[in-house]
Structure formats: C-alpha cells, structure tokens
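Asks: For reference, the file final-v3.txt (compact mmCIF, N, CA and C atoms) is included below:
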# COMPACT_ATOMS: atom_id res chain seq x y z
N MET A 1 -70.61 121.86 236.06
CA MET A 1 -69.87 120.87 235.28
C MET A 1 -70.67 119.57 235.19
N ARG A 2 -71.40 119.26 236.23
CA ARG A 2 -72.18 118.01 236.20
C ARG A 2 -73.23 118.05 235.07
N HIS A 3 -73.80 119.21 234.83
CA HIS A 3 -74.77 119.34 233.73
C HIS A 3 -74.04 119.15 232.39
N ALA A 4 -72.85 119.70 232.26
CA ALA A 4 -72.06 119.52 231.03
C ALA A 4 -71.74 118.04 230.82
N ILE A 5 -71.48 117.32 231.89
CA ILE A 5 -71.22 115.88 231.78
C ILE A 5 -72.45 115.14 231.27
N ARG A 6 -73.62 115.52 231.76
CA ARG A 6 -74.86 114.90 231.25
C ARG A 6 -75.05 115.18 229.76
N LEU A 7 -74.68 116.37 229.33
CA LEU A 7 -74.77 116.71 227.91
C LEU A 7 -73.76 115.91 227.10
N ALA A 8 -72.58 115.69 227.66
CA ALA A 8 -71.57 114.86 226.99
C ALA A 8 -72.11 113.44 226.81
N GLN A 9 -72.80 112.94 227.81
CA GLN A 9 -73.40 111.60 227.71
C GLN A 9 -74.46 111.57 226.61
N ARG A 10 -75.19 112.67 226.45
CA ARG A 10 -76.17 112.76 225.36
C ARG A 10 -75.47 112.68 224.01
N ALA A 11 -74.35 113.38 223.88
CA ALA A 11 -73.57 113.31 222.64
C ALA A 11 -73.16 111.86 222.37
N GLN A 12 -72.68 111.20 223.39
CA GLN A 12 -72.23 109.81 223.25
C GLN A 12 -73.37 108.91 222.79
N GLU A 13 -74.54 109.10 223.35
CA GLU A 13 -75.72 108.31 222.96
C GLU A 13 -76.04 108.50 221.48
N GLN A 14 -75.68 109.66 220.94
CA GLN A 14 -75.95 109.97 219.54
C GLN A 14 -74.78 109.60 218.63
N GLY A 15 -73.78 108.94 219.20
CA GLY A 15 -72.62 108.52 218.41
C GLY A 15 -71.58 109.61 218.20
N GLU A 16 -71.69 110.69 218.94
CA GLU A 16 -70.75 111.80 218.84
C GLU A 16 -69.70 111.68 219.94
N VAL A 17 -68.56 112.32 219.75
CA VAL A 17 -67.54 112.37 220.79
C VAL A 17 -68.17 113.05 222.01
N PRO A 18 -68.07 112.43 223.19
CA PRO A 18 -68.78 112.94 224.36
C PRO A 18 -68.17 114.19 224.99
N VAL A 19 -68.60 115.33 224.47
CA VAL A 19 -68.21 116.62 225.03
C VAL A 19 -69.49 117.43 225.21
N GLY A 20 -69.64 118.03 226.37
CA GLY A 20 -70.80 118.86 226.67
C GLY A 20 -70.36 120.21 227.20
N ALA A 21 -71.20 121.23 227.00
CA ALA A 21 -70.87 122.59 227.43
C ALA A 21 -72.11 123.30 227.96
N VAL A 22 -71.90 124.12 228.97
CA VAL A 22 -72.98 124.90 229.58
C VAL A 22 -72.49 126.34 229.72
N LEU A 23 -73.29 127.29 229.25
CA LEU A 23 -72.97 128.71 229.37
C LEU A 23 -73.82 129.31 230.48
N VAL A 24 -73.16 129.96 231.43
CA VAL A 24 -73.83 130.48 232.63
C VAL A 24 -73.62 131.98 232.73
N LYS A 25 -74.70 132.68 233.11
CA LYS A 25 -74.62 134.11 233.40
C LYS A 25 -75.47 134.37 234.64
N ASP A 26 -74.92 135.11 235.57
CA ASP A 26 -75.63 135.41 236.82
C ASP A 26 -76.14 134.13 237.48
N GLU A 27 -75.29 133.11 237.49
CA GLU A 27 -75.58 131.82 238.13
C GLU A 27 -76.78 131.09 237.51
N GLN A 28 -77.13 131.45 236.28
CA GLN A 28 -78.22 130.80 235.56
C GLN A 28 -77.70 130.24 234.24
N CYS A 29 -78.12 129.04 233.90
CA CYS A 29 -77.76 128.45 232.61
C CYS A 29 -78.52 129.20 231.52
N ILE A 30 -77.79 129.81 230.61
CA ILE A 30 -78.46 130.53 229.52
C ILE A 30 -78.37 129.77 228.20
N ALA A 31 -77.47 128.77 228.15
CA ALA A 31 -77.33 128.00 226.91
C ALA A 31 -76.56 126.71 227.21
N GLU A 32 -76.73 125.75 226.32
CA GLU A 32 -76.02 124.48 226.47
C GLU A 32 -75.75 123.89 225.10
N GLY A 33 -74.82 122.98 225.06
CA GLY A 33 -74.52 122.31 223.80
C GLY A 33 -73.78 121.02 224.04
N TRP A 34 -73.80 120.17 223.06
CA TRP A 34 -73.02 118.94 223.07
C TRP A 34 -72.53 118.74 221.66
N ASN A 35 -71.47 117.96 221.51
CA ASN A 35 -70.89 117.74 220.19
C ASN A 35 -71.94 117.18 219.24
N GLN A 36 -72.05 117.80 218.04
CA GLN A 36 -73.02 117.37 217.04
C GLN A 36 -72.51 117.48 215.61
N PRO A 37 -71.19 117.45 215.36
CA PRO A 37 -70.74 117.62 213.98
C PRO A 37 -71.22 116.54 213.03
N ILE A 38 -71.31 115.29 213.49
CA ILE A 38 -71.76 114.20 212.63
C ILE A 38 -73.25 114.36 212.33
N GLN A 39 -74.03 114.55 213.37
CA GLN A 39 -75.48 114.66 213.23
C GLN A 39 -75.89 115.85 212.37
N LEU A 40 -75.18 116.97 212.54
CA LEU A 40 -75.54 118.20 211.82
C LEU A 40 -74.74 118.38 210.53
N ASN A 41 -73.83 117.45 210.23
CA ASN A 41 -72.95 117.61 209.06
C ASN A 41 -72.28 118.98 209.07
N ASP A 42 -71.75 119.31 210.25
CA ASP A 42 -71.17 120.63 210.47
C ASP A 42 -69.89 120.47 211.30
N PRO A 43 -68.73 120.63 210.68
CA PRO A 43 -67.48 120.45 211.41
C PRO A 43 -67.29 121.45 212.56
N SER A 44 -68.04 122.53 212.54
CA SER A 44 -67.92 123.52 213.61
C SER A 44 -68.89 123.27 214.76
N ALA A 45 -69.68 122.22 214.72
CA ALA A 45 -70.71 121.99 215.74
C ALA A 45 -70.13 121.30 216.98
N HIS A 46 -69.06 121.88 217.51
CA HIS A 46 -68.52 121.43 218.78
C HIS A 46 -69.44 121.92 219.89
N ALA A 47 -69.38 121.28 221.05
CA ALA A 47 -70.26 121.63 222.17
C ALA A 47 -70.18 123.12 222.51
N GLU A 48 -68.96 123.66 222.52
CA GLU A 48 -68.77 125.06 222.88
C GLU A 48 -69.44 125.98 221.87
N ILE A 49 -69.28 125.68 220.59
CA ILE A 49 -69.84 126.53 219.54
C ILE A 49 -71.37 126.48 219.59
N VAL A 50 -71.92 125.29 219.78
CA VAL A 50 -73.38 125.15 219.88
C VAL A 50 -73.90 125.99 221.04
N ALA A 51 -73.22 125.92 222.19
CA ALA A 51 -73.64 126.71 223.35
C ALA A 51 -73.50 128.21 223.09
N LEU A 52 -72.41 128.63 222.46
CA LEU A 52 -72.23 130.06 222.16
C LEU A 52 -73.30 130.57 221.20
N ARG A 53 -73.62 129.78 220.18
CA ARG A 53 -74.67 130.20 219.24
C ARG A 53 -76.00 130.38 219.95
N GLN A 54 -76.33 129.41 220.79
CA GLN A 54 -77.59 129.47 221.54
C GLN A 54 -77.58 130.67 222.51
N GLY A 55 -76.44 130.88 223.17
CA GLY A 55 -76.32 132.00 224.10
C GLY A 55 -76.45 133.34 223.40
N GLY A 56 -75.83 133.47 222.23
CA GLY A 56 -75.93 134.71 221.47
C GLY A 56 -77.36 135.02 221.08
N LYS A 57 -78.08 133.99 220.66
CA LYS A 57 -79.50 134.19 220.31
C LYS A 57 -80.31 134.61 221.52
N LYS A 58 -80.07 133.94 222.65
CA LYS A 58 -80.83 134.25 223.86
C LYS A 58 -80.53 135.66 224.36
N GLN A 59 -79.25 136.04 224.31
CA GLN A 59 -78.86 137.37 224.78
C GLN A 59 -79.06 138.45 223.71
N GLN A 60 -79.37 138.03 222.50
CA GLN A 60 -79.51 138.93 221.35
C GLN A 60 -78.25 139.79 221.18
N ASN A 61 -77.10 139.08 221.27
CA ASN A 61 -75.83 139.77 221.17
C ASN A 61 -74.75 138.75 220.80
N TYR A 62 -73.85 139.13 219.93
CA TYR A 62 -72.75 138.23 219.59
C TYR A 62 -71.66 138.27 220.65
N ARG A 63 -71.72 139.21 221.55
CA ARG A 63 -70.81 139.28 222.69
C ARG A 63 -71.52 138.70 223.91
N LEU A 64 -70.78 137.94 224.70
CA LEU A 64 -71.36 137.28 225.87
C LEU A 64 -70.52 137.60 227.12
N PRO A 65 -70.40 138.90 227.45
CA PRO A 65 -69.59 139.28 228.61
C PRO A 65 -70.25 138.79 229.91
N GLN A 66 -69.45 138.71 230.94
CA GLN A 66 -69.90 138.25 232.26
C GLN A 66 -70.52 136.85 232.22
N THR A 67 -70.02 136.00 231.32
CA THR A 67 -70.48 134.62 231.26
C THR A 67 -69.32 133.68 231.59
N THR A 68 -69.70 132.49 232.00
CA THR A 68 -68.75 131.40 232.24
C THR A 68 -69.18 130.23 231.39
N LEU A 69 -68.24 129.63 230.70
CA LEU A 69 -68.51 128.42 229.94
C LEU A 69 -67.87 127.24 230.66
N TYR A 70 -68.69 126.25 230.98
CA TYR A 70 -68.24 124.98 231.55
C TYR A 70 -68.24 123.96 230.43
N VAL A 71 -67.13 123.28 230.23
CA VAL A 71 -67.03 122.30 229.15
C VAL A 71 -66.21 121.11 229.64
N THR A 72 -66.55 119.93 229.18
CA THR A 72 -65.94 118.72 229.71
C THR A 72 -64.53 118.44 229.19
N LEU A 73 -64.10 119.13 228.14
CA LEU A 73 -62.77 118.91 227.55
C LEU A 73 -62.12 120.25 227.24
N GLU A 74 -60.83 120.33 227.44
CA GLU A 74 -60.07 121.54 227.08
C GLU A 74 -60.38 121.90 225.63
N PRO A 75 -60.83 123.13 225.38
CA PRO A 75 -61.23 123.54 224.03
C PRO A 75 -60.09 123.50 223.01
N CYS A 76 -60.49 123.28 221.76
CA CYS A 76 -59.58 123.29 220.62
C CYS A 76 -59.36 124.74 220.17
N VAL A 77 -58.53 124.91 219.16
CA VAL A 77 -58.20 126.25 218.66
C VAL A 77 -59.44 126.96 218.11
N MET A 78 -60.31 126.26 217.40
CA MET A 78 -61.53 126.88 216.87
C MET A 78 -62.40 127.40 218.00
N CYS A 79 -62.59 126.57 219.00
CA CYS A 79 -63.47 126.96 220.10
C CYS A 79 -62.87 128.08 220.94
N MET A 80 -61.55 128.06 221.13
CA MET A 80 -60.91 129.15 221.87
C MET A 80 -61.05 130.47 221.11
N GLY A 81 -60.94 130.43 219.79
CA GLY A 81 -61.14 131.64 219.01
C GLY A 81 -62.55 132.18 219.18
N ALA A 82 -63.53 131.28 219.15
CA ALA A 82 -64.92 131.70 219.32
C ALA A 82 -65.18 132.24 220.73
N LEU A 83 -64.61 131.59 221.74
CA LEU A 83 -64.78 132.07 223.12
C LEU A 83 -64.19 133.46 223.29
N SER A 84 -63.04 133.68 222.68
CA SER A 84 -62.40 134.99 222.76
C SER A 84 -63.24 136.04 222.03
N ASN A 85 -63.69 135.71 220.82
CA ASN A 85 -64.51 136.67 220.06
C ASN A 85 -65.82 136.98 220.77
N ALA A 86 -66.36 136.01 221.49
CA ALA A 86 -67.62 136.22 222.21
C ALA A 86 -67.40 136.97 223.53
N ARG A 87 -66.15 137.14 223.91
CA ARG A 87 -65.79 137.83 225.15
C ARG A 87 -66.30 137.10 226.40
N VAL A 88 -66.27 135.76 226.33
CA VAL A 88 -66.62 134.97 227.51
C VAL A 88 -65.61 135.32 228.60
N GLN A 89 -66.09 135.59 229.79
CA GLN A 89 -65.23 136.06 230.86
C GLN A 89 -64.40 134.93 231.48
N ARG A 90 -65.03 133.77 231.62
CA ARG A 90 -64.38 132.69 232.36
C ARG A 90 -64.64 131.35 231.69
N LEU A 91 -63.64 130.51 231.67
CA LEU A 91 -63.72 129.17 231.11
C LEU A 91 -63.36 128.16 232.19
N VAL A 92 -64.19 127.13 232.34
CA VAL A 92 -63.92 126.04 233.28
C VAL A 92 -64.03 124.75 232.48
N PHE A 93 -62.97 123.94 232.47
CA PHE A 93 -63.05 122.68 231.73
C PHE A 93 -62.63 121.51 232.60
N GLY A 94 -63.04 120.32 232.15
CA GLY A 94 -62.77 119.10 232.90
C GLY A 94 -61.47 118.46 232.49
N ALA A 95 -61.51 117.63 231.45
CA ALA A 95 -60.33 116.88 231.01
C ALA A 95 -59.39 117.77 230.21
N TYR A 96 -58.10 117.54 230.42
CA TYR A 96 -57.08 118.22 229.62
C TYR A 96 -56.92 117.47 228.31
N ASP A 97 -56.53 118.20 227.26
CA ASP A 97 -56.28 117.58 225.96
C ASP A 97 -54.85 117.91 225.53
N PRO A 98 -53.89 117.06 225.94
CA PRO A 98 -52.48 117.36 225.65
C PRO A 98 -52.15 117.47 224.16
N LYS A 99 -52.90 116.79 223.29
CA LYS A 99 -52.59 116.80 221.86
C LYS A 99 -53.20 117.99 221.12
N ARG A 100 -54.43 118.36 221.45
CA ARG A 100 -55.13 119.40 220.69
C ARG A 100 -55.65 120.56 221.54
N GLY A 101 -55.46 120.49 222.83
CA GLY A 101 -55.97 121.54 223.71
C GLY A 101 -55.34 122.88 223.42
N ALA A 102 -56.16 123.91 223.31
CA ALA A 102 -55.65 125.23 222.94
C ALA A 102 -55.70 126.24 224.08
N VAL A 103 -55.92 125.75 225.30
CA VAL A 103 -55.89 126.63 226.47
C VAL A 103 -54.50 126.63 227.07
N CYS A 104 -53.97 125.42 227.31
CA CYS A 104 -52.68 125.33 228.01
C CYS A 104 -51.81 124.18 227.54
N HIS A 105 -52.15 123.55 226.42
CA HIS A 105 -51.34 122.42 225.95
C HIS A 105 -50.74 122.68 224.57
N ALA A 106 -51.38 122.17 223.51
CA ALA A 106 -50.83 122.34 222.15
C ALA A 106 -50.61 123.82 221.83
N LEU A 107 -51.54 124.63 222.27
CA LEU A 107 -51.44 126.10 222.18
C LEU A 107 -51.86 126.67 223.54
N GLN A 108 -51.42 127.87 223.80
CA GLN A 108 -51.81 128.55 225.05
C GLN A 108 -52.57 129.83 224.71
N LEU A 109 -53.71 129.66 224.06
CA LEU A 109 -54.45 130.83 223.57
C LEU A 109 -55.09 131.65 224.68
N ALA A 110 -55.32 131.04 225.83
CA ALA A 110 -55.90 131.82 226.93
C ALA A 110 -54.96 132.92 227.39
N ASP A 111 -53.68 132.72 227.15
CA ASP A 111 -52.68 133.70 227.58
C ASP A 111 -51.96 134.38 226.41
N ALA A 112 -52.48 134.23 225.20
CA ALA A 112 -51.80 134.78 224.02
C ALA A 112 -51.84 136.30 224.02
N ASP A 113 -50.69 136.90 223.81
CA ASP A 113 -50.58 138.36 223.80
C ASP A 113 -51.31 139.01 222.62
N PHE A 114 -51.44 138.28 221.51
CA PHE A 114 -52.06 138.87 220.33
C PHE A 114 -53.58 138.96 220.41
N LEU A 115 -54.18 138.31 221.40
CA LEU A 115 -55.64 138.42 221.57
C LEU A 115 -55.95 139.60 222.48
N ASN A 116 -56.95 140.37 222.11
CA ASN A 116 -57.28 141.55 222.91
C ASN A 116 -58.25 141.24 224.05
N HIS A 117 -58.64 139.98 224.19
CA HIS A 117 -59.53 139.58 225.28
C HIS A 117 -58.83 138.51 226.12
N LYS A 118 -58.71 138.75 227.38
CA LYS A 118 -58.10 137.78 228.30
C LYS A 118 -59.22 137.08 229.08
N MET A 119 -59.14 135.79 229.10
CA MET A 119 -60.14 134.96 229.74
C MET A 119 -59.55 134.31 230.98
N ILE A 120 -60.29 134.31 232.05
CA ILE A 120 -59.89 133.58 233.25
C ILE A 120 -60.23 132.12 232.99
N TRP A 121 -59.35 131.20 233.38
CA TRP A 121 -59.66 129.80 233.13
C TRP A 121 -59.20 128.90 234.27
N THR A 122 -59.92 127.80 234.39
CA THR A 122 -59.60 126.76 235.37
C THR A 122 -59.78 125.43 234.67
N GLY A 123 -58.78 124.56 234.76
CA GLY A 123 -58.87 123.23 234.17
C GLY A 123 -58.86 122.15 235.23
N GLY A 124 -59.29 120.96 234.84
CA GLY A 124 -59.23 119.82 235.73
C GLY A 124 -60.40 119.65 236.67
N VAL A 125 -61.50 120.35 236.43
CA VAL A 125 -62.68 120.22 237.29
C VAL A 125 -63.42 118.93 236.92
N LEU A 126 -63.57 118.05 237.88
CA LEU A 126 -64.14 116.70 237.64
C LEU A 126 -63.40 116.02 236.49
N GLU A 127 -62.10 116.22 236.49
CA GLU A 127 -61.25 115.75 235.39
C GLU A 127 -61.39 114.26 235.12
N LYS A 128 -61.37 113.43 236.16
CA LYS A 128 -61.41 111.98 235.96
C LYS A 128 -62.72 111.55 235.32
N VAL A 129 -63.82 112.08 235.78
CA VAL A 129 -65.13 111.73 235.21
C VAL A 129 -65.17 112.10 233.73
N CYS A 130 -64.71 113.32 233.42
CA CYS A 130 -64.71 113.80 232.03
C CYS A 130 -63.77 112.97 231.15
N ALA A 131 -62.58 112.70 231.66
CA ALA A 131 -61.59 111.93 230.91
C ALA A 131 -62.06 110.49 230.69
N ASP A 132 -62.67 109.91 231.73
CA ASP A 132 -63.15 108.52 231.62
C ASP A 132 -64.24 108.38 230.55
N LEU A 133 -65.09 109.38 230.42
CA LEU A 133 -66.12 109.37 229.37
C LEU A 133 -65.47 109.26 228.00
N LEU A 134 -64.46 110.06 227.76
CA LEU A 134 -63.77 110.06 226.48
C LEU A 134 -63.00 108.76 226.25
N THR A 135 -62.30 108.31 227.26
CA THR A 135 -61.52 107.07 227.15
C THR A 135 -62.42 105.89 226.80
N GLU A 136 -63.53 105.78 227.50
CA GLU A 136 -64.47 104.67 227.25
C GLU A 136 -65.08 104.77 225.85
N PHE A 137 -65.44 105.98 225.43
CA PHE A 137 -66.01 106.18 224.11
C PHE A 137 -65.06 105.68 223.03
N PHE A 138 -63.79 106.08 223.10
CA PHE A 138 -62.83 105.68 222.07
C PHE A 138 -62.45 104.21 222.19
N ARG A 139 -62.46 103.68 223.39
CA ARG A 139 -62.21 102.24 223.57
C ARG A 139 -63.30 101.43 222.86
N GLU A 140 -64.55 101.80 223.06
CA GLU A 140 -65.67 101.11 222.42
C GLU A 140 -65.63 101.27 220.91
N ARG A 141 -65.26 102.45 220.45
CA ARG A 141 -65.18 102.70 219.02
C ARG A 141 -64.12 101.81 218.36
N ARG A 142 -62.97 101.66 219.02
CA ARG A 142 -61.91 100.80 218.48
C ARG A 142 -62.34 99.35 218.43
N LYS A 143 -63.13 98.90 219.39
CA LYS A 143 -63.63 97.52 219.41
C LYS A 143 -64.50 97.22 218.19
N LYS A 144 -65.24 98.22 217.72
CA LYS A 144 -66.19 98.02 216.61
C LYS A 144 -65.50 97.96 215.27
N ARG A 145 -64.24 98.32 215.19
CA ARG A 145 -63.53 98.33 213.90
C ARG A 145 -63.23 96.95 213.43
Now that the file is in, can you turn its structure into structure tokens?

Replies:
Amino acid sequence: MRHAIRLAQRAQEQGEVPVGAVLVKDEQCIAEGWNQPIQLNDPSAHAEIVALRQGGKKQQNYRLPQTTLYVTLEPCVMCMGALSNARVQRLVFGAYDPKRGAVCHALQLADADFLNHKMIWTGGVLEKVCADLLTEFFRERRKKR
C-alpha cells in the first residue's frame, strides 16, 4: 500500500486526483498505475485500470488470477467491473468512498450475486494517510477557484 501511496502522490504532482494502484502476483509487483484521465484525455484512465492494462500486457493475458490489487481509494463501479472481468483474486484499498465506492458503499459489487467472480477484499488499510491525501488535494483545489 505504501507504494500505491507514492503513486498517488505522483498523480497529485501531475494535477490528477491522487489515487495510486499496485498489482501484485507471487509477492512481486507486476504492474502499477496512478490516475491519469486528464493527462491522457481518457476518462477510463483510473489508477486501477492503468495497472490492469499494464498487468495484462506483462502477463500476456486479459485474466489476472492469483493477483492482488492495492489501491488508495475504494474503487468506483467502472474499476470494480474491470477487476471482476480480470478475475483479480484480492482487493486491498485504503480510503473508503461513501459517495461513489462500489465495493461496500454506494454499491456492493464485491458481493453482488450477479457477478460470476467473487473477490476477497479488505478496506481501510492505511486509511488515514490515503484519505488525507485526497482531502488535502481537494482543499487546495478549492482554494485556487
């Protein structure tokens, strides 16, 4: 998670919402990503999606079984769909997102009966550090308006 936090800080330095993600298999980082939708002009370039794309290329497979994704914020509905389709085994996230989180808040996709892939998940890992990054980012952004 600490590596994902460093990636979130990289996103912040680039003017992006500070979210970072690390994909791990066999205790090795196989891919990483940070939010880049503004920089890439791509609304789907969330940290999780960037990491999954990189992981798929590295594994030469669109399925990523036996992997764990560490991400600094509870994933949105788009990212949860991608994680499920990729067959990521485990999800670990930092800050909860009560408004848009699709793991256990706005939606509970990790436990949805209609999905044929069930993902193990843990939330709140280094929650304060992850949440503080986001809070500070949006506080600074509001000051500039």

Asks: Might you pull out every residue within 6 Å of region 91-95 of chain A, with only N, CA and C atoms counted and same-chain residues fewer than 4 positions away left off, and present them as a list in words?

Replies: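 So, after excluding close chain neighbours, the residues are Thr68, Leu69, Tyr70, Val71, Thr72, Leu73, Glu74, Met119, Ile120, Trp121, Thr122, Gly123, Gly124, Val125, Leu126, Glu127, Cys130 and Ala131 of chain A.
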
Asks: May I have the residues within 7 Å of Ile30 (chain A) as a count of residues only, using only N, CA and C atoms and disregarding those fewer than 3 positions away in the same chain?

Replies: 7

Asks: Pick from A:Gln28, A:Val19, A:Ile38, A:Ala86: nearest to Asn61 (chain A), with only N, CA and C atoms counted?

Replies: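 Smallest separation from Asn61 (chain A) among the options: A:Ala86.
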
Asks: Show which residues sit within 8 Å of Gly81 (chain A), as a ChimeraX atom specification. Count all atoms listed in the file, and ignore same-chain residues fewer than 6 positions away.

Replies: /A:75,87,102,109

Asks: Could you pull out the strand (DSSP E) residues of region 20-123 of chain A, going by DSSP on the backbone, and write them as a PDB file with N, CA and C atoms, keeping the file's coordinate frame?

Replies:
ATOM      1  N   GLY A  20     -69.640 118.030 226.370  1.00  0.00           N
ATOM      2  CA  GLY A  20     -70.800 118.860 226.670  1.00  0.00           C
ATOM      3  C   GLY A  20     -70.360 120.210 227.200  1.00  0.00           C
ATOM      4  N   ALA A  21     -71.200 121.230 227.000  1.00  0.00           N
ATOM      5  CA  ALA A  21     -70.870 122.590 227.430  1.00  0.00           C
ATOM      6  C   ALA A  21     -72.110 123.300 227.960  1.00  0.00           C
ATOM      7  N   VAL A  22     -71.900 124.120 228.970  1.00  0.00           N
ATOM      8  CA  VAL A  22     -72.980 124.900 229.580  1.00  0.00           C
ATOM      9  C   VAL A  22     -72.490 126.340 229.720  1.00  0.00           C
ATOM     10  N   LEU A  23     -73.290 127.290 229.250  1.00  0.00           N
ATOM     11  CA  LEU A  23     -72.970 128.710 229.370  1.00  0.00           C
ATOM     12  C   LEU A  23     -73.820 129.310 230.480  1.00  0.00           C
ATOM     13  N   VAL A  24     -73.160 129.960 231.430  1.00  0.00           N
ATOM     14  CA  VAL A  24     -73.830 130.480 232.630  1.00  0.00           C
ATOM     15  C   VAL A  24     -73.620 131.980 232.730  1.00  0.00           C
ATOM     16  N   LYS A  25     -74.700 132.680 233.110  1.00  0.00           N
ATOM     17  CA  LYS A  25     -74.620 134.110 233.400  1.00  0.00           C
ATOM     18  C   LYS A  25     -75.470 134.370 234.640  1.00  0.00           C
ATOM     19  N   GLN A  28     -77.130 131.450 236.280  1.00  0.00           N
ATOM     20  CA  GLN A  28     -78.220 130.800 235.560  1.00  0.00           C
ATOM     21  C   GLN A  28     -77.700 130.240 234.240  1.00  0.00           C
ATOM     22  N   CYS A  29     -78.120 129.040 233.900  1.00  0.00           N
ATOM     23  CA  CYS A  29     -77.760 128.450 232.610  1.00  0.00           C
ATOM     24  C   CYS A  29     -78.520 129.200 231.520  1.00  0.00           C
ATOM     25  N   ILE A  30     -77.790 129.810 230.610  1.00  0.00           N
ATOM     26  CA  ILE A  30     -78.460 130.530 229.520  1.00  0.00           C
ATOM     27  C   ILE A  30     -78.370 129.770 228.200  1.00  0.00           C
ATOM     28  N   ALA A  31     -77.470 128.770 228.150  1.00  0.00           N
ATOM     29  CA  ALA A  31     -77.330 128.000 226.910  1.00  0.00           C
ATOM     30  C   ALA A  31     -76.560 126.710 227.210  1.00  0.00           C
ATOM     31  N   GLU A  32     -76.730 125.750 226.320  1.00  0.00           N
ATOM     32  CA  GLU A  32     -76.020 124.480 226.470  1.00  0.00           C
ATOM     33  C   GLU A  32     -75.750 123.890 225.100  1.00  0.00           C
ATOM     34  N   GLY A  33     -74.820 122.980 225.060  1.00  0.00           N
ATOM     35  CA  GLY A  33     -74.520 122.310 223.800  1.00  0.00           C
ATOM     36  C   GLY A  33     -73.780 121.020 224.040  1.00  0.00           C
ATOM     37  N   TRP A  34     -73.800 120.170 223.060  1.00  0.00           N
ATOM     38  CA  TRP A  34     -73.020 118.940 223.070  1.00  0.00           C
ATOM     39  C   TRP A  34     -72.530 118.740 221.660  1.00  0.00           C
ATOM     40  N   THR A  67     -70.020 136.000 231.320  1.00  0.00           N
ATOM     41  CA  THR A  67     -70.480 134.620 231.260  1.00  0.00           C
ATOM     42  C   THR A  67     -69.320 133.680 231.590  1.00  0.00           C
ATOM     43  N   THR A  68     -69.700 132.490 232.000  1.00  0.00           N
ATOM     44  CA  THR A  68     -68.750 131.400 232.240  1.00  0.00           C
ATOM     45  C   THR A  68     -69.180 130.230 231.390  1.00  0.00           C
ATOM     46  N   LEU A  69     -68.240 129.630 230.700  1.00  0.00           N
ATOM     47  CA  LEU A  69     -68.510 128.420 229.940  1.00  0.00           C
ATOM     48  C   LEU A  69     -67.870 127.240 230.660  1.00  0.00           C
ATOM     49  N   TYR A  70     -68.690 126.250 230.980  1.00  0.00           N
ATOM     50  CA  TYR A  70     -68.240 124.980 231.550  1.00  0.00           C
ATOM     51  C   TYR A  70     -68.240 123.960 230.430  1.00  0.00           C
ATOM     52  N   VAL A  71     -67.130 123.280 230.230  1.00  0.00           N
ATOM     53  CA  VAL A  71     -67.030 122.300 229.150  1.00  0.00           C
ATOM     54  C   VAL A  71     -66.210 121.110 229.640  1.00  0.00           C
ATOM     55  N   THR A  72     -66.550 119.930 229.180  1.00  0.00           N
ATOM     56  CA  THR A  72     -65.940 118.720 229.710  1.00  0.00           C
ATOM     57  C   THR A  72     -64.530 118.440 229.190  1.00  0.00           C
ATOM     58  N   LEU A  73     -64.100 119.130 228.140  1.00  0.00           N
ATOM     59  CA  LEU A  73     -62.770 118.910 227.550  1.00  0.00           C
ATOM     60  C   LEU A  73     -62.120 120.250 227.240  1.00  0.00           C
ATOM     61  N   ARG A  90     -65.030 133.770 231.620  1.00  0.00           N
ATOM     62  CA  ARG A  90     -64.380 132.690 232.360  1.00  0.00           C
ATOM     63  C   ARG A  90     -64.640 131.350 231.690  1.00  0.00           C
ATOM     64  N   LEU A  91     -63.640 130.510 231.670  1.00  0.00           N
ATOM     65  CA  LEU A  91     -63.720 129.170 231.110  1.00  0.00           C
ATOM     66  C   LEU A  91     -63.360 128.160 232.190  1.00  0.00           C
ATOM     67  N   VAL A  92     -64.190 127.130 232.340  1.00  0.00           N
ATOM     68  CA  VAL A  92     -63.920 126.040 233.280  1.00  0.00           C
ATOM     69  C   VAL A  92     -64.030 124.750 232.480  1.00  0.00           C
ATOM     70  N   PHE A  93     -62.970 123.940 232.470  1.00  0.00           N
ATOM     71  CA  PHE A  93     -63.050 122.680 231.730  1.00  0.00           C
ATOM     72  C   PHE A  93     -62.630 121.510 232.600  1.00  0.00           C
ATOM     73  N   GLY A  94     -63.040 120.320 232.150  1.00  0.00           N
ATOM     74  CA  GLY A  94     -62.770 119.100 232.900  1.00  0.00           C
ATOM     75  C   GLY A  94     -61.470 118.460 232.490  1.00  0.00           C
ATOM     76  N   ALA A  95     -61.510 117.630 231.450  1.00  0.00           N
ATOM     77  CA  ALA A  95     -60.330 116.880 231.010  1.00  0.00           C
ATOM     78  C   ALA A  95     -59.390 117.770 230.210  1.00  0.00           C
ATOM     79  N   ILE A 120     -60.290 134.310 232.050  1.00  0.00           N
ATOM     80  CA  ILE A 120     -59.890 133.580 233.250  1.00  0.00           C
ATOM     81  C   ILE A 120     -60.230 132.120 232.990  1.00  0.00           C
ATOM     82  N   TRP A 121     -59.350 131.200 233.380  1.00  0.00           N
ATOM     83  CA  TRP A 121     -59.660 129.800 233.130  1.00  0.00           C
ATOM     84  C   TRP A 121     -59.200 128.900 234.270  1.00  0.00           C
ATOM     85  N   THR A 122     -59.920 127.800 234.390  1.00  0.00           N
ATOM     86  CA  THR A 122     -59.600 126.760 235.370  1.00  0.00           C
ATOM     87  C   THR A 122     -59.780 125.430 234.670  1.00  0.00           C
TER      88      THR A 122
END

Asks: Env of Pro18 (chain A): 6 Å cut, atoms = only C-alpha atoms, seq-sep filter 3 positions within chain, self excluded. Answer as a ChimeraX atom specification.

Replies: /A:8-9,11-12

Asks: Write down as JSON, numbers by chain the residues belonging to chain A that are assigned alpha helix (DSSP H) by DSSP computed on the backbone.

Replies: {"A": [2, 3, 4, 5, 6, 7, 8, 9, 10, 11, 12, 13, 37, 38, 39, 40, 47, 48, 49, 50, 51, 52, 53, 54, 55, 56, 57, 58, 59, 77, 78, 79, 80, 81, 82, 83, 84, 85, 127, 128, 129, 130, 131, 132, 133, 134, 135, 136, 137, 138, 139, 140, 141, 142, 143, 144]}

Asks: Grab the CA of Glu16 (chain A) to CA of Leu134 (chain A) distance for me, in Å with one decimal place.

Replies: 10.5 Å
